[in-house]
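data_39.cif follows; it contains mmCIF, C-alpha atoms.
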data_upload
#
loop_
_atom_site.label_atom_id
_atom_site.label_comp_id
_atom_site.auth_asym_id
_atom_site.auth_seq_id
_atom_site.Cartn_x
_atom_site.Cartn_y
_atom_site.Cartn_z
CA ALA A 214 -34.46 -64.73 -58.82
CA LEU A 215 -37.24 -62.72 -60.35
CA ALA A 216 -37.67 -59.16 -59.13
CA ALA A 217 -41.16 -60.19 -58.02
CA ASP A 218 -39.53 -62.48 -55.44
CA ILE A 219 -38.13 -59.50 -53.53
CA GLU A 220 -40.65 -58.59 -50.82
CA ILE A 221 -40.42 -55.65 -48.45
CA GLU A 222 -43.13 -54.70 -45.95
CA HIS A 223 -43.81 -51.09 -45.02
CA CYS A 224 -46.09 -49.21 -42.64
CA VAL A 225 -47.25 -46.01 -44.32
CA GLU A 226 -48.64 -43.15 -42.20
CA THR A 227 -51.72 -41.49 -43.69
CA SER A 228 -54.22 -38.87 -42.58
CA HIS A 229 -56.61 -41.65 -41.48
CA GLY A 230 -54.14 -44.06 -39.88
CA VAL A 231 -51.41 -46.50 -40.86
CA LEU A 232 -51.56 -48.77 -43.92
CA HIS A 233 -49.62 -52.01 -44.20
CA VAL A 234 -48.06 -52.20 -47.69
CA THR A 235 -46.01 -55.02 -49.24
CA VAL A 236 -43.76 -54.13 -52.18
CA HIS A 237 -42.37 -56.56 -54.76
CA GLY A 238 -39.79 -55.58 -57.36
CA ALA A 239 -36.87 -53.25 -57.72
CA GLY A 240 -38.83 -50.15 -58.73
CA ASN A 241 -39.03 -49.13 -62.37
CA VAL A 242 -39.72 -45.40 -62.29
CA ARG A 243 -40.47 -45.29 -66.02
CA ARG A 244 -43.51 -47.51 -65.57
CA PRO A 245 -46.53 -47.24 -63.32
CA ALA A 246 -46.61 -49.30 -60.17
CA ILE A 247 -49.17 -52.11 -60.09
CA LEU A 248 -51.18 -51.46 -56.93
CA THR A 249 -53.64 -54.05 -55.60
CA PHE A 250 -56.46 -53.83 -53.07
CA HIS A 251 -58.18 -56.93 -51.68
CA ASP A 252 -61.78 -57.83 -50.86
CA VAL A 253 -63.39 -58.23 -47.43
CA GLY A 254 -62.61 -61.35 -45.43
CA MET A 255 -59.14 -61.47 -46.96
CA ASP A 256 -55.81 -59.73 -46.85
CA SER A 257 -53.52 -58.97 -49.78
CA LYS A 258 -51.76 -62.34 -49.53
CA SER A 259 -54.85 -64.53 -49.50
CA CYS A 260 -56.45 -62.44 -52.24
CA PHE A 261 -53.55 -62.03 -54.67
CA SER A 262 -50.75 -64.54 -53.98
CA THR A 263 -52.20 -67.19 -56.30
CA LEU A 264 -52.30 -64.73 -59.20
CA PHE A 265 -49.01 -62.91 -58.69
CA LYS A 266 -47.01 -66.07 -57.90
CA PHE A 267 -48.27 -67.65 -61.13
CA GLU A 268 -45.13 -68.12 -63.26
CA GLU A 269 -46.38 -66.35 -66.37
CA MET A 270 -47.70 -63.43 -64.32
CA GLN A 271 -44.27 -63.06 -62.70
CA GLU A 272 -42.76 -62.85 -66.16
CA ILE A 273 -45.18 -60.08 -67.11
CA VAL A 274 -44.86 -57.96 -63.97
CA LYS A 275 -41.14 -58.34 -63.21
CA ASN A 276 -40.44 -55.05 -64.98
CA PHE A 277 -42.96 -53.28 -62.76
CA THR A 278 -43.12 -52.55 -59.05
CA VAL A 279 -46.04 -54.44 -57.49
CA VAL A 280 -47.60 -52.92 -54.39
CA HIS A 281 -50.13 -54.82 -52.27
CA VAL A 282 -52.14 -52.63 -49.89
CA ASP A 283 -53.95 -54.09 -46.88
CA ALA A 284 -57.04 -52.35 -45.56
CA PRO A 285 -56.49 -51.00 -42.02
CA GLY A 286 -56.18 -53.83 -39.53
CA GLN A 287 -56.64 -56.57 -42.14
CA GLU A 288 -53.02 -57.67 -42.58
CA ASP A 289 -51.83 -60.93 -41.10
CA GLY A 290 -50.79 -60.37 -37.49
CA ALA A 291 -52.39 -56.93 -37.25
CA ALA A 292 -52.56 -55.36 -33.82
CA ILE A 293 -56.03 -55.30 -32.27
CA TYR A 294 -57.57 -51.83 -32.25
CA PRO A 295 -58.59 -50.46 -28.84
CA ALA A 296 -62.24 -50.34 -27.80
CA GLY A 297 -64.05 -47.40 -29.34
CA TYR A 298 -61.64 -47.11 -32.28
CA GLN A 299 -63.27 -45.33 -35.22
CA TYR A 300 -62.60 -47.50 -38.25
CA ALA A 301 -61.98 -45.65 -41.53
CA THR A 302 -64.89 -45.51 -43.99
CA MET A 303 -64.58 -46.77 -47.56
CA ASP A 304 -64.15 -43.16 -48.73
CA GLN A 305 -61.46 -42.53 -46.11
CA ILE A 306 -59.57 -45.70 -47.09
CA SER A 307 -59.60 -44.42 -50.68
CA ASP A 308 -58.27 -41.08 -49.41
CA MET A 309 -55.34 -42.90 -47.75
CA LEU A 310 -53.92 -44.08 -51.07
CA PRO A 311 -52.30 -40.79 -52.21
CA ALA A 312 -50.03 -41.07 -49.15
CA VAL A 313 -48.89 -44.49 -50.42
CA LEU A 314 -47.99 -43.05 -53.83
CA GLN A 315 -46.16 -40.16 -52.18
CA TYR A 316 -44.31 -42.45 -49.76
CA PHE A 317 -42.85 -44.53 -52.59
CA ASN A 318 -42.62 -41.63 -55.06
CA PHE A 319 -44.93 -43.34 -57.56
CA ARG A 320 -46.16 -40.97 -60.24
CA THR A 321 -48.88 -43.30 -61.56
CA ILE A 322 -50.35 -46.75 -60.91
CA ILE A 323 -52.25 -49.54 -62.59
CA GLY A 324 -54.90 -50.51 -60.07
CA VAL A 325 -56.05 -54.11 -59.53
CA GLY A 326 -58.96 -54.45 -57.11
CA VAL A 327 -61.34 -57.21 -56.04
CA GLY A 328 -64.82 -56.59 -54.58
CA ALA A 329 -64.54 -53.92 -51.88
CA GLY A 330 -61.00 -53.26 -53.12
CA ALA A 331 -62.37 -52.60 -56.63
CA TYR A 332 -64.78 -50.06 -55.15
CA ILE A 333 -61.97 -48.34 -53.20
CA LEU A 334 -59.71 -48.13 -56.28
CA SER A 335 -62.64 -46.86 -58.37
CA LYS A 336 -63.24 -44.06 -55.86
CA PHE A 337 -59.52 -43.23 -55.81
CA THR A 338 -59.40 -43.10 -59.62
CA LEU A 339 -62.39 -40.77 -59.90
CA THR A 340 -60.79 -38.45 -57.35
CA ASN A 341 -57.22 -38.73 -58.71
CA PRO A 342 -57.57 -39.40 -62.47
CA GLU A 343 -54.05 -38.21 -63.24
CA ALA A 344 -52.56 -40.86 -60.94
CA VAL A 345 -54.13 -43.93 -62.59
CA GLU A 346 -53.06 -45.25 -66.00
CA GLY A 347 -55.31 -48.33 -65.96
CA LEU A 348 -57.79 -50.22 -63.80
CA VAL A 349 -58.53 -53.94 -63.47
CA LEU A 350 -61.75 -54.29 -61.48
CA ILE A 351 -62.76 -57.81 -60.42
CA ASN A 352 -66.31 -58.22 -59.07
CA VAL A 353 -66.85 -54.48 -58.98
CA ASP A 354 -70.06 -52.94 -57.67
CA THR A 355 -70.06 -49.14 -57.83
CA ASN A 356 -73.59 -48.77 -56.45
CA ALA A 357 -74.49 -47.63 -52.97
CA ARG A 358 -74.96 -50.40 -50.46
CA GLY A 359 -76.87 -50.04 -47.22
CA TRP A 360 -78.11 -52.10 -44.32
CA MET A 361 -81.20 -53.26 -46.22
CA ASP A 362 -79.00 -54.68 -48.99
CA TRP A 363 -76.98 -56.48 -46.37
CA ALA A 364 -80.09 -57.79 -44.66
CA ALA A 365 -81.61 -59.02 -47.91
CA GLN A 366 -78.42 -60.78 -48.98
CA LYS A 367 -76.95 -61.99 -45.73
CA LEU A 368 -79.64 -62.56 -43.12
CA SER A 369 -81.73 -65.15 -44.90
CA ASN A 370 -80.21 -67.65 -42.51
CA LEU A 371 -80.19 -66.11 -39.05
CA THR A 372 -78.03 -68.87 -37.63
CA SER A 373 -75.13 -68.21 -40.02
CA SER A 374 -71.85 -67.25 -38.42
CA LEU A 375 -69.91 -64.23 -39.67
CA SER A 376 -67.43 -66.49 -41.43
CA ASP A 377 -70.33 -68.13 -43.29
CA GLN A 378 -71.62 -64.67 -44.21
CA ILE A 379 -68.27 -63.67 -45.67
CA LEU A 380 -67.89 -66.96 -47.52
CA SER A 381 -71.35 -66.32 -48.95
CA HIS A 382 -70.19 -62.84 -49.96
CA LEU A 383 -67.14 -64.30 -51.68
CA PHE A 384 -69.29 -67.05 -53.20
CA SER A 385 -66.27 -69.25 -53.56
CA GLN A 386 -64.89 -72.57 -52.38
CA VAL A 387 -61.83 -70.74 -51.08
CA CYS A 388 -61.12 -71.35 -47.42
CA VAL A 389 -60.79 -68.05 -45.59
CA SER A 390 -58.06 -68.88 -43.12
CA LYS A 391 -57.85 -65.77 -41.01
CA CYS A 392 -59.75 -65.27 -37.79
CA PHE A 393 -62.91 -63.21 -38.15
CA ASP A 394 -62.04 -60.70 -35.50
CA ASN A 395 -63.67 -57.35 -34.86
CA GLN A 396 -61.50 -55.59 -37.46
CA THR A 397 -62.49 -57.98 -40.23
CA PHE A 398 -66.08 -57.56 -39.02
CA MET A 399 -65.81 -53.76 -39.36
CA PHE A 400 -64.37 -53.86 -42.89
CA PHE A 401 -67.09 -56.32 -43.89
CA PHE A 402 -69.90 -54.08 -42.65
CA LEU A 403 -68.32 -50.92 -44.08
CA SER A 404 -68.50 -52.49 -47.54
CA TYR A 405 -72.27 -52.48 -47.02
CA SER A 406 -72.47 -48.83 -45.92
CA ARG A 407 -71.01 -46.94 -48.84
CA ARG A 408 -72.10 -44.29 -51.28
CA ASP A 409 -72.92 -44.68 -54.95
CA LEU A 410 -69.94 -43.59 -57.07
CA ASN A 411 -72.36 -42.01 -59.57
CA ILE A 412 -70.43 -43.26 -62.56
CA GLU A 413 -71.96 -42.18 -65.86
CA ARG A 414 -70.69 -41.31 -69.32
CA ASN A 415 -69.78 -37.73 -68.32
CA ASN A 416 -68.40 -38.77 -64.93
CA THR A 417 -66.30 -41.80 -65.63
CA PHE A 418 -62.77 -43.15 -65.59
CA LYS A 419 -60.23 -41.35 -67.77
CA CYS A 420 -58.11 -44.48 -68.18
CA PRO A 421 -58.49 -47.93 -69.79
CA VAL A 422 -60.54 -50.32 -67.66
CA MET A 423 -60.83 -54.11 -67.65
CA LEU A 424 -63.90 -55.44 -65.83
CA VAL A 425 -63.72 -59.08 -64.73
CA VAL A 426 -66.47 -61.17 -63.17
CA GLY A 427 -66.78 -64.90 -62.50
CA ASP A 428 -69.68 -66.71 -64.09
CA GLN A 429 -71.02 -67.85 -60.70
CA ALA A 430 -70.42 -64.59 -58.88
CA PRO A 431 -73.29 -62.59 -57.37
CA TYR A 432 -71.70 -59.46 -58.87
CA GLU A 433 -72.45 -60.17 -62.51
CA GLU A 434 -75.43 -57.83 -62.76
CA ALA A 435 -73.55 -55.00 -61.04
CA ALA A 436 -70.51 -55.51 -63.29
CA VAL A 437 -72.70 -55.47 -66.42
CA GLU A 438 -74.34 -52.27 -65.19
CA CYS A 439 -70.93 -50.69 -64.55
CA ASN A 440 -69.78 -51.71 -68.02
CA SER A 441 -72.81 -49.97 -69.57
CA LYS A 442 -71.77 -46.68 -67.96
CA LEU A 443 -68.14 -46.70 -69.09
CA ASP A 444 -66.53 -45.55 -72.33
CA PRO A 445 -66.82 -48.57 -74.66
CA THR A 446 -63.67 -47.54 -76.56
CA THR A 447 -61.48 -47.90 -73.45
CA THR A 448 -63.33 -50.63 -71.53
CA SER A 449 -63.10 -54.41 -71.86
CA PHE A 450 -65.49 -56.78 -70.12
CA LEU A 451 -64.42 -60.32 -69.27
CA LYS A 452 -66.87 -62.88 -67.92
CA MET A 453 -64.83 -65.90 -66.87
CA ALA A 454 -66.37 -69.37 -67.12
CA ASP A 455 -65.77 -71.88 -64.33
CA ALA A 456 -64.32 -69.13 -62.17
CA GLY A 457 -66.67 -69.11 -59.21
CA GLY A 458 -66.72 -65.87 -57.29
CA MET A 459 -62.97 -65.21 -57.21
CA PRO A 460 -61.42 -65.57 -60.68
CA GLN A 461 -57.97 -64.41 -59.52
CA LEU A 462 -57.83 -67.55 -57.35
CA THR A 463 -59.58 -70.08 -59.58
CA GLN A 464 -58.46 -68.96 -63.06
CA PRO A 465 -55.00 -67.35 -62.70
CA SER A 466 -53.90 -68.50 -66.15
CA LYS A 467 -56.83 -66.91 -67.98
CA LEU A 468 -56.63 -63.74 -65.90
CA THR A 469 -52.88 -63.49 -66.50
CA GLU A 470 -53.41 -63.70 -70.26
CA ALA A 471 -56.11 -61.02 -70.12
CA PHE A 472 -53.88 -58.79 -67.98
CA LYS A 473 -51.01 -59.22 -70.45
CA TYR A 474 -53.14 -57.96 -73.33
CA PHE A 475 -54.55 -55.16 -71.17
CA ILE A 476 -51.14 -53.68 -70.33
CA GLN A 477 -49.95 -54.23 -73.90
CA GLY A 478 -52.92 -52.13 -75.00
CA MET A 479 -51.68 -49.41 -72.66
CA GLY A 480 -48.38 -49.37 -74.53
CA TYR A 481 -46.29 -51.54 -72.22
CA SER A 482 -45.57 -54.18 -74.84
CA ASN A 483 -41.87 -54.91 -74.37
CA LEU A 484 -42.59 -57.66 -71.87
CA ALA A 485 -39.80 -59.96 -70.83
CA CYS A 486 -40.17 -63.45 -72.29
CA SER A 487 -36.97 -65.27 -71.45
CA HIS A 488 -38.85 -68.11 -69.76
CA SER A 489 -42.10 -68.18 -71.72
CA PRO A 490 -41.66 -67.49 -75.46
CA ASP A 491 -45.42 -67.41 -75.94
CA LEU A 492 -45.49 -64.17 -73.96
CA CYS A 493 -43.30 -62.41 -76.51
CA VAL A 494 -44.94 -59.59 -78.41
#
Spit out the file's structure as structure tokens when you get a sec.
Amino acid sequence: ALAADIEIEHCVETSHGVLHVTVHGAGNVRRPAILTFHDVGMDSKSCFSTLFKFEEMQEIVKNFTVVHVDAPGQEDGAAIYPAGYQYATMDQISDMLPAVLQYFNFRTIIGVGVGAGAYILSKFTLTNPEAVEGLVLINVDTNARGWMDWAAQKLSNLTSSLSDQILSHLFSQVCVSKCFDNQTFMFFFLSYSRRDLNIERNNTFKCPVMLVVGDQAPYEEAAVECNSKLDPTTTSFLKMADAGGMPQLTQPSKLTEAFKYFIQGMGYSNLACSHSPDLCV
């Protein structure tokens, strides 16, 4: 069995509450862990299983530890928070991630985030540049978002249910299977009440970055704007055709190939290729 088939779930205590974390792999301390963070309306499984269970992706990542982090209360089967519970802000969720690295004794990570998860990993990287060796940001929007943005985007149809709103946000044909309970509701609205990350050429990521956006996604303009603010010598921008709003679900083969070249560019080129000779370097 591939190392990626080994799955262990953990509950990690942090200063802002408990995070549910799923770990795949045996733990290669000489390489960074690959740490993922999902978008709203999803958990780590619905957001990333298609990509990380893709055979060629398993071949690439089996020499890494892969860590999937669920936002508070978003994991499958999560306990319902009591009335009056103060849900963590986007900044606070970002501040929970150092506890995950410490818990597993990870020195560095390669971050892979989608939507709200891309924002959270971006914030973490700006705050902890020494901990991040590379970033893959899918549908990233580093700008501030407020209630007026939400109203303009989401309330055009006042009869829409919350699930319709989130599907509109995802802009995808993917069926969101989980129940839209109060905790999903809170994470959804928090993604629309966040601060601008103020990324600019003198306040930017210190690591290689791959920006990915689907050709039908509503994030294209924001991703292009983000790209214009990053160091062009360490940033790659990938607009994926026929990808809809969630390229990790609709185009796992293309995204896997791009990810392979991204981590090779970081110096991790001795990828296993016993099953897929075309992945040999």
Under the PyMOL selection byres ((chain A and resi 344) around 9), which residues of this model are included? Write them out as a compact mmCIF listing (two decimals) with C-alpha atoms, in the frame of the given file.
# COMPACT_ATOMS: atom_id res chain seq x y z
CA PRO A 311 -52.30 -40.79 -52.21
CA LEU A 314 -47.99 -43.05 -53.83
CA PHE A 319 -44.93 -43.34 -57.56
CA ARG A 320 -46.16 -40.97 -60.24
CA THR A 321 -48.88 -43.30 -61.56
CA ILE A 322 -50.35 -46.75 -60.91
CA ILE A 323 -52.25 -49.54 -62.59
CA PHE A 337 -59.52 -43.23 -55.81
CA THR A 338 -59.40 -43.10 -59.62
CA ASN A 341 -57.22 -38.73 -58.71
CA PRO A 342 -57.57 -39.40 -62.47
CA GLU A 343 -54.05 -38.21 -63.24
CA VAL A 345 -54.13 -43.93 -62.59
CA GLU A 346 -53.06 -45.25 -66.00
- request: Could you tell me how far CA of Gly478 (chain A) lies from CA of Leu462 (chain A), in Å and to one decimal?
  value: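 Answer for the CA of Gly478 (chain A) to CA of Leu462 (chain A) separation: 23.9 Å.
For the choices A:Cys260, A:Met479, A:Ala456, A:Ile412, the atom-to-atom distance to Asp444 (chain A) is smallest for A:Ile412 when using all atoms listed in the file.
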statement: In Å and to one decimal, CA of Tyr316 (chain A) is distant from CA of Ile247 (chain A) by 15.0 Å
Can you translate the PyMOL selection byres ((chain A and resi 233) around 6) into the concrete residues it hits in this file, as an mmCIF file with C-alpha atoms, in the frame of the given file?
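Ended up saving to result00.cif:
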data_model
loop_
_atom_site.group_PDB
_atom_site.id
_atom_site.type_symbol
_atom_site.label_atom_id
_atom_site.label_comp_id
_atom_site.auth_asym_id
_atom_site.auth_seq_id
_atom_site.Cartn_x
_atom_site.Cartn_y
_atom_site.Cartn_z
ATOM 1 C CA HIS A 223 -43.810 -51.090 -45.020
ATOM 2 C CA CYS A 224 -46.090 -49.210 -42.640
ATOM 3 C CA LEU A 232 -51.560 -48.770 -43.920
ATOM 4 C CA VAL A 234 -48.060 -52.200 -47.690
ATOM 5 C CA ASP A 283 -53.950 -54.090 -46.880
#
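Computed from the coordinates, the CA of Pro460 (chain A) to CA of Gly427 (chain A) distance equals 5.7 Å.
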task: Mind checking which residues fall within 9 Å of region 464-473 of chain A, counting all atoms listed in the file, ignoring those fewer than 2 positions away in the same chain, and posting them as JSON, numbers by chain?
output: {"A": [263, 264, 265, 267, 269, 270, 273, 349, 423, 425, 451, 453, 454, 455, 456, 459, 460, 461, 462, 475, 476, 477, 478, 482, 484, 492]}
With C-alpha atoms retained, write the just-selected residues as a PDB file, keeping the file's coordinate frame.
ATOM      1  CA  THR A 263     -52.200 -67.190 -56.300  1.00  0.00           C
ATOM      2  CA  LEU A 264     -52.300 -64.730 -59.200  1.00  0.00           C
ATOM      3  CA  PHE A 265     -49.010 -62.910 -58.690  1.00  0.00           C
ATOM      4  CA  PHE A 267     -48.270 -67.650 -61.130  1.00  0.00           C
ATOM      5  CA  GLU A 269     -46.380 -66.350 -66.370  1.00  0.00           C
ATOM      6  CA  MET A 270     -47.700 -63.430 -64.320  1.00  0.00           C
ATOM      7  CA  ILE A 273     -45.180 -60.080 -67.110  1.00  0.00           C
ATOM      8  CA  VAL A 349     -58.530 -53.940 -63.470  1.00  0.00           C
ATOM      9  CA  MET A 423     -60.830 -54.110 -67.650  1.00  0.00           C
ATOM     10  CA  VAL A 425     -63.720 -59.080 -64.730  1.00  0.00           C
ATOM     11  CA  LEU A 451     -64.420 -60.320 -69.270  1.00  0.00           C
ATOM     12  CA  MET A 453     -64.830 -65.900 -66.870  1.00  0.00           C
ATOM     13  CA  ALA A 454     -66.370 -69.370 -67.120  1.00  0.00           C
ATOM     14  CA  ASP A 455     -65.770 -71.880 -64.330  1.00  0.00           C
ATOM     15  CA  ALA A 456     -64.320 -69.130 -62.170  1.00  0.00           C
ATOM     16  CA  MET A 459     -62.970 -65.210 -57.210  1.00  0.00           C
ATOM     17  CA  PRO A 460     -61.420 -65.570 -60.680  1.00  0.00           C
ATOM     18  CA  GLN A 461     -57.970 -64.410 -59.520  1.00  0.00           C
ATOM     19  CA  LEU A 462     -57.830 -67.550 -57.350  1.00  0.00           C
ATOM     20  CA  PHE A 475     -54.550 -55.160 -71.170  1.00  0.00           C
ATOM     21  CA  ILE A 476     -51.140 -53.680 -70.330  1.00  0.00           C
ATOM     22  CA  GLN A 477     -49.950 -54.230 -73.900  1.00  0.00           C
ATOM     23  CA  GLY A 478     -52.920 -52.130 -75.000  1.00  0.00           C
ATOM     24  CA  SER A 482     -45.570 -54.180 -74.840  1.00  0.00           C
ATOM     25  CA  LEU A 484     -42.590 -57.660 -71.870  1.00  0.00           C
ATOM     26  CA  LEU A 492     -45.490 -64.170 -73.960  1.00  0.00           C
TER      27      LEU A 492
END
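Nearest to Ala301 (chain A) of all the residues A:Met255, A:Val231, A:Cys439, A:Leu410 is A:Val231, counting only C-alpha atoms.
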Any idea what's packed within 9 Å of Ser257 (chain A), counting all atoms listed in the file, ignoring anything in its chain fewer than 2 positions away? Could you give it as a compact mmCIF listing (two decimals) with C-alpha atoms, keeping the file's coordinate frame?
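Written out: selection.txt:
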# COMPACT_ATOMS: atom_id res chain seq x y z
CA VAL A 234 -48.06 -52.20 -47.69
CA THR A 235 -46.01 -55.02 -49.24
CA THR A 249 -53.64 -54.05 -55.60
CA PHE A 250 -56.46 -53.83 -53.07
CA HIS A 251 -58.18 -56.93 -51.68
CA ASP A 252 -61.78 -57.83 -50.86
CA MET A 255 -59.14 -61.47 -46.96
CA SER A 259 -54.85 -64.53 -49.50
CA CYS A 260 -56.45 -62.44 -52.24
CA PHE A 261 -53.55 -62.03 -54.67
CA SER A 262 -50.75 -64.54 -53.98
CA HIS A 281 -50.13 -54.82 -52.27
CA VAL A 282 -52.14 -52.63 -49.89
CA ASP A 283 -53.95 -54.09 -46.88
CA ALA A 284 -57.04 -52.35 -45.56
CA GLN A 287 -56.64 -56.57 -42.14
CA GLU A 288 -53.02 -57.67 -42.58
- request: Choose the residue, out of A:Asn276, A:Gln315, A:Thr417, A:Thr447, that has the smallest atom-to-atom separation from Gly238 (chain A); count only C-alpha atoms.
  value: A:Asn276
Name the residues within 8 Å of (-46.5, -54.8, -57.7), counting all atoms listed in the file in the file's coordinates, and put them as a JSON list (two decimals) with C-alpha atoms, keeping the file's coordinate frame.
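Dumped everything to out39.json:
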[["chain", "number", "residue", "atom", "x", "y", "z"],
["A", 217, "ALA", "CA", -41.16, -60.19, -58.02],
["A", 236, "VAL", "CA", -43.76, -54.13, -52.18],
["A", 237, "HIS", "CA", -42.37, -56.56, -54.76],
["A", 238, "GLY", "CA", -39.79, -55.58, -57.36],
["A", 246, "ALA", "CA", -46.61, -49.30, -60.17],
["A", 247, "ILE", "CA", -49.17, -52.11, -60.09],
["A", 248, "LEU", "CA", -51.18, -51.46, -56.93],
["A", 249, "THR", "CA", -53.64, -54.05, -55.60],
["A", 274, "VAL", "CA", -44.86, -57.96, -63.97],
["A", 277, "PHE", "CA", -42.96, -53.28, -62.76],
["A", 278, "THR", "CA", -43.12, -52.55, -59.05],
["A", 279, "VAL", "CA", -46.04, -54.44, -57.49],
["A", 280, "VAL", "CA", -47.60, -52.92, -54.39],
["A", 281, "HIS", "CA", -50.13, -54.82, -52.27]]
- request: Write out as a ChimeraX atom specification the residues lying within 9 Å of His229 (chain A), counting all atoms listed in the file and excluding same-chain residues fewer than 3 positions away.
  value: /A:226,300-301,305-306,308-309
message: Between A:Phe317, A:Tyr474, A:Phe418, A:Tyr332, which residue has the minimum interatomic distance to Asn352 (chain A), considering only C-alpha atoms?
response: A:Tyr332
- prompt: Pick from A:Glu222, A:Val242, A:Gly230, A:Asp304: nearest to Asn318 (chain A), with all atoms listed in the file counted?
  reply: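 That would be A:Val242, the residue with the smallest distance to Asn318 (chain A).
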- request: Would you please work out which residue, of A:Asp428, A:Glu268, A:Ala312, A:Asn440, is nearest to Leu350 (chain A) when using all atoms listed in the file?
  value: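 For Leu350 (chain A), the nearest of the candidates is A:Asn440.
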